[in-house]
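Contents: one structure, followed by commentary.
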Amino acid sequence: MESSRTAAEAKSTDDAHTYRMPLPRLVLAQDVGHGPLDGAWWPRCDVLELELPSLVALLEPDWGGTVRVMVDASQWPEAPHTVMAPGRVISVEPTEAADGAGMITVDCETVGRWMLLVVSHEEPADAAARLLAGAGQ
């Protein structure tokens with residue numbers, strides 16, 4: 001008699017793996033909070049639902065805090081109003097302000113506000129590295 005279990009069901013729990021997003025490509029300025037920029041972020045794609053959880057987790061490690069993110073609507077035209085992350089909901093507000101062009105603001109309840117330059121995910125690696133390094137000074 002053949003078993004009706006599938007190969008996936010037959011695997012032991014020792015073989016189970018959990019996927020985690022890679023750490024965000026982020027550089028923070030040496031004097032965070034003392035200039036117009038706190039650093040720069042180079043997302044891997046233009047899908048905020050995939051990118052924001054790892055960015056917020058790095059900036060706001062306390063999962064109990066409220067997080068609000070403001071993004072440039074022209075850079076993120078399909079931005080959702082909320083992004084689900086483990087243990088929290090991230091509120092997203094697209095802005096039309098000219099001063100927010102190419103920027104993202106991550107407002108964390110417990111650690112404060114981060115203003116980051118967003119390097120386009122389409123930027124070549126060498127140019128992105130220069131922009132990230134410049135924002136970190």
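If you're wondering about the labels, chains in the structure tokens are A, B, ... by order shown, residues count from 1 in each chain, ligands from 1 in order shown.
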
* Asked: Using the chain letters and numbers from this document, which residues of region 18-97 of chain A does DSSP assign to strand (DSSP E), as a list in words?
  -> Leu26, Val27, Leu28, Gly39, Ala40, Trp41, Val67, Arg68, Val69, Met70, Val71, Asp72, Thr82, Val83, Met84, Ala85, Arg88, Val89, Ile90, Ser91, Val92, Glu93, Pro94 and Thr95 of chain A

* Asked: So which residues touch Ala85 (chain A) within 9 Å, counting only C-alpha atoms, skipping near sequence neighbours fewer than 3 positions away, as a list in words?
  -> Glu49, Leu52, Pro53, Ser54, Ala57, Arg88, Val89 and Ile90 of chain A

Residue selection dump (N, CA, C and O atoms) as a PDB file, in the first residue's frame:
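part.pdb, written as the output of this step:
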ATOM      1  N   GLU A  49       6.604  46.820   0.134  1.00  0.00           N
ATOM      2  CA  GLU A  49       6.169  45.721   0.994  1.00  0.00           C
ATOM      3  C   GLU A  49       7.307  44.741   1.268  1.00  0.00           C
ATOM      4  O   GLU A  49       7.353  44.105   2.313  1.00  0.00           O
ATOM      5  N   LEU A  52      10.599  47.549   3.149  1.00  0.00           N
ATOM      6  CA  LEU A  52      10.455  48.259   4.426  1.00  0.00           C
ATOM      7  C   LEU A  52      10.649  47.414   5.677  1.00  0.00           C
ATOM      8  O   LEU A  52      11.258  47.902   6.641  1.00  0.00           O
ATOM      9  N   PRO A  53      10.150  46.190   5.739  1.00  0.00           N
ATOM     10  CA  PRO A  53      10.319  45.446   6.995  1.00  0.00           C
ATOM     11  C   PRO A  53      11.762  45.312   7.467  1.00  0.00           C
ATOM     12  O   PRO A  53      12.050  45.512   8.650  1.00  0.00           O
ATOM     13  N   SER A  54      12.690  45.025   6.575  1.00  0.00           N
ATOM     14  CA  SER A  54      14.081  44.876   7.016  1.00  0.00           C
ATOM     15  C   SER A  54      14.707  46.230   7.354  1.00  0.00           C
ATOM     16  O   SER A  54      15.499  46.329   8.290  1.00  0.00           O
ATOM     17  N   ALA A  57      13.228  47.207  10.758  1.00  0.00           N
ATOM     18  CA  ALA A  57      13.760  46.321  11.803  1.00  0.00           C
ATOM     19  C   ALA A  57      15.164  46.740  12.222  1.00  0.00           C
ATOM     20  O   ALA A  57      15.529  46.633  13.395  1.00  0.00           O
ATOM     21  N   ARG A  88       4.327  43.963  13.809  1.00  0.00           N
ATOM     22  CA  ARG A  88       3.950  45.366  13.680  1.00  0.00           C
ATOM     23  C   ARG A  88       3.335  45.682  12.326  1.00  0.00           C
ATOM     24  O   ARG A  88       3.464  44.913  11.387  1.00  0.00           O
ATOM     25  N   VAL A  89       2.704  46.839  12.285  1.00  0.00           N
ATOM     26  CA  VAL A  89       2.174  47.388  11.039  1.00  0.00           C
ATOM     27  C   VAL A  89       2.902  48.705  10.814  1.00  0.00           C
ATOM     28  O   VAL A  89       2.964  49.556  11.699  1.00  0.00           O
ATOM     29  N   ILE A  90       3.451  48.876   9.629  1.00  0.00           N
ATOM     30  CA  ILE A  90       4.164  50.105   9.285  1.00  0.00           C
ATOM     31  C   ILE A  90       3.210  50.981   8.490  1.00  0.00           C
ATOM     32  O   ILE A  90       2.686  50.562   7.457  1.00  0.00           O
TER      33      ILE A  90
END

* CA of Leu26 (chain A) and CA of Leu55 (chain A), how far apart in Å? -> 8.0 Å

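Using only C-alpha atoms, the contacts of Ala129 (chain A) at a cut-off of 10 Å, with sequence neighbours closer than 3 positions omitted, comprise Arg25, Val27, Trp42, Val119, Glu123, Pro124, Ala125, Asp126, Leu132, Ala133, Gly134 and Ala135 of chain A.
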
Let me see the file: selected residues, N, CA and C atoms, as an mmCIF file, in the first residue's frame.
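Result saved to again.cif:
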data_model
loop_
_atom_site.group_PDB
_atom_site.id
_atom_site.type_symbol
_atom_site.label_atom_id
_atom_site.label_comp_id
_atom_site.auth_asym_id
_atom_site.auth_seq_id
_atom_site.Cartn_x
_atom_site.Cartn_y
_atom_site.Cartn_z
ATOM 1 N N ARG A 25 20.602 47.648 2.500
ATOM 2 C CA ARG A 25 21.838 48.336 2.121
ATOM 3 C C ARG A 25 21.682 49.774 2.606
ATOM 4 N N VAL A 27 23.533 53.089 4.916
ATOM 5 C CA VAL A 27 24.672 53.742 5.533
ATOM 6 C C VAL A 27 24.120 54.910 6.336
ATOM 7 N N TRP A 42 19.762 52.031 -0.119
ATOM 8 C CA TRP A 42 19.730 51.536 -1.493
ATOM 9 C C TRP A 42 18.886 50.267 -1.526
ATOM 10 N N VAL A 119 18.655 55.831 -2.771
ATOM 11 C CA VAL A 119 19.398 55.579 -4.001
ATOM 12 C C VAL A 119 18.557 54.599 -4.806
ATOM 13 N N GLU A 123 20.192 51.972 -9.825
ATOM 14 C CA GLU A 123 21.513 52.612 -9.879
ATOM 15 C C GLU A 123 22.603 51.544 -9.963
ATOM 16 N N PRO A 124 23.587 51.725 -10.857
ATOM 17 C CA PRO A 124 24.699 50.766 -10.901
ATOM 18 C C PRO A 124 25.435 50.723 -9.555
ATOM 19 N N ALA A 125 25.983 49.577 -9.236
ATOM 20 C CA ALA A 125 26.608 49.355 -7.933
ATOM 21 C C ALA A 125 27.698 50.366 -7.611
ATOM 22 N N ASP A 126 28.545 50.725 -8.584
ATOM 23 C CA ASP A 126 29.635 51.667 -8.287
ATOM 24 C C ASP A 126 29.100 53.060 -7.971
ATOM 25 N N LEU A 132 26.152 56.184 -1.284
ATOM 26 C CA LEU A 132 26.043 55.693 0.088
ATOM 27 C C LEU A 132 27.219 56.207 0.941
ATOM 28 N N ALA A 133 28.414 56.159 0.386
ATOM 29 C CA ALA A 133 29.589 56.623 1.125
ATOM 30 C C ALA A 133 29.477 58.114 1.420
ATOM 31 N N GLY A 134 29.032 58.884 0.455
ATOM 32 C CA GLY A 134 28.878 60.331 0.647
ATOM 33 C C GLY A 134 27.870 60.666 1.718
ATOM 34 N N ALA A 135 26.805 59.913 1.801
ATOM 35 C CA ALA A 135 25.764 60.159 2.801
ATOM 36 C C ALA A 135 26.227 59.756 4.193
#

* Structure fact -> Among A:Glu51, A:Pro86, A:Arg113, A:Gly39, Trp63 (chain A) is approached most closely, using only C-alpha atoms, by A:Pro86

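The residue that comes closest to His121 (chain A), out of A:Val47, A:Leu58, A:Val69, A:Ala79 and on the basis of only C-alpha atoms, is A:Val47.
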
* Fewer than 5 positions away in the same chain doesn't count, so skip those; otherwise give me all residues within 9 Å of Asp107 (chain A), counting only C-alpha atoms, as a ChimeraX atom specification. => /A:66-70,112-115

Write out the residues from the selection above, keeping C-alpha atoms, as a tab-separated table (two decimals), in the first residue's frame.
chain	number	residue	atom	x	y	z
A	66	THR	CA	4.80	52.66	16.28
A	67	VAL	CA	6.47	53.34	12.93
A	68	ARG	CA	5.36	55.84	10.31
A	69	VAL	CA	7.17	56.15	6.99
A	70	MET	CA	6.90	59.05	4.55
A	112	GLY	CA	13.24	59.11	16.71
A	113	ARG	CA	13.18	60.17	13.09
A	114	TRP	CA	15.54	59.12	10.32
A	115	MET	CA	15.77	61.10	7.05

* To do: Determine, counting only C-alpha atoms, which protein, DNA and RNA residues have an atom within 8 Å of an atom of Val71 (chain A); residues of the same chain fewer than 2 positions away are not included. Present the result as number ranges by chain.
  => A: 69, 73, 75-76, 92-95, 100, 103-105

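Using only C-alpha atoms, the shortest contact distance between Gly102 (chain A) and any of A:Leu48, A:Trp41, A:Leu59, A:Gly136 is found at A:Trp41.
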
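Nearest-residue note for Ala40 (chain A): choosing from A:Cys108, A:Gln137, A:Leu116, A:Arg130, the minimum distance belongs to A:Leu116, counting only C-alpha atoms.
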
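When only C-alpha atoms are used to measure the gap to Glu109 (chain A), the shortest distance among A:Glu122, A:Asp31, A:Glu60, A:Glu96 belongs to A:Glu60.
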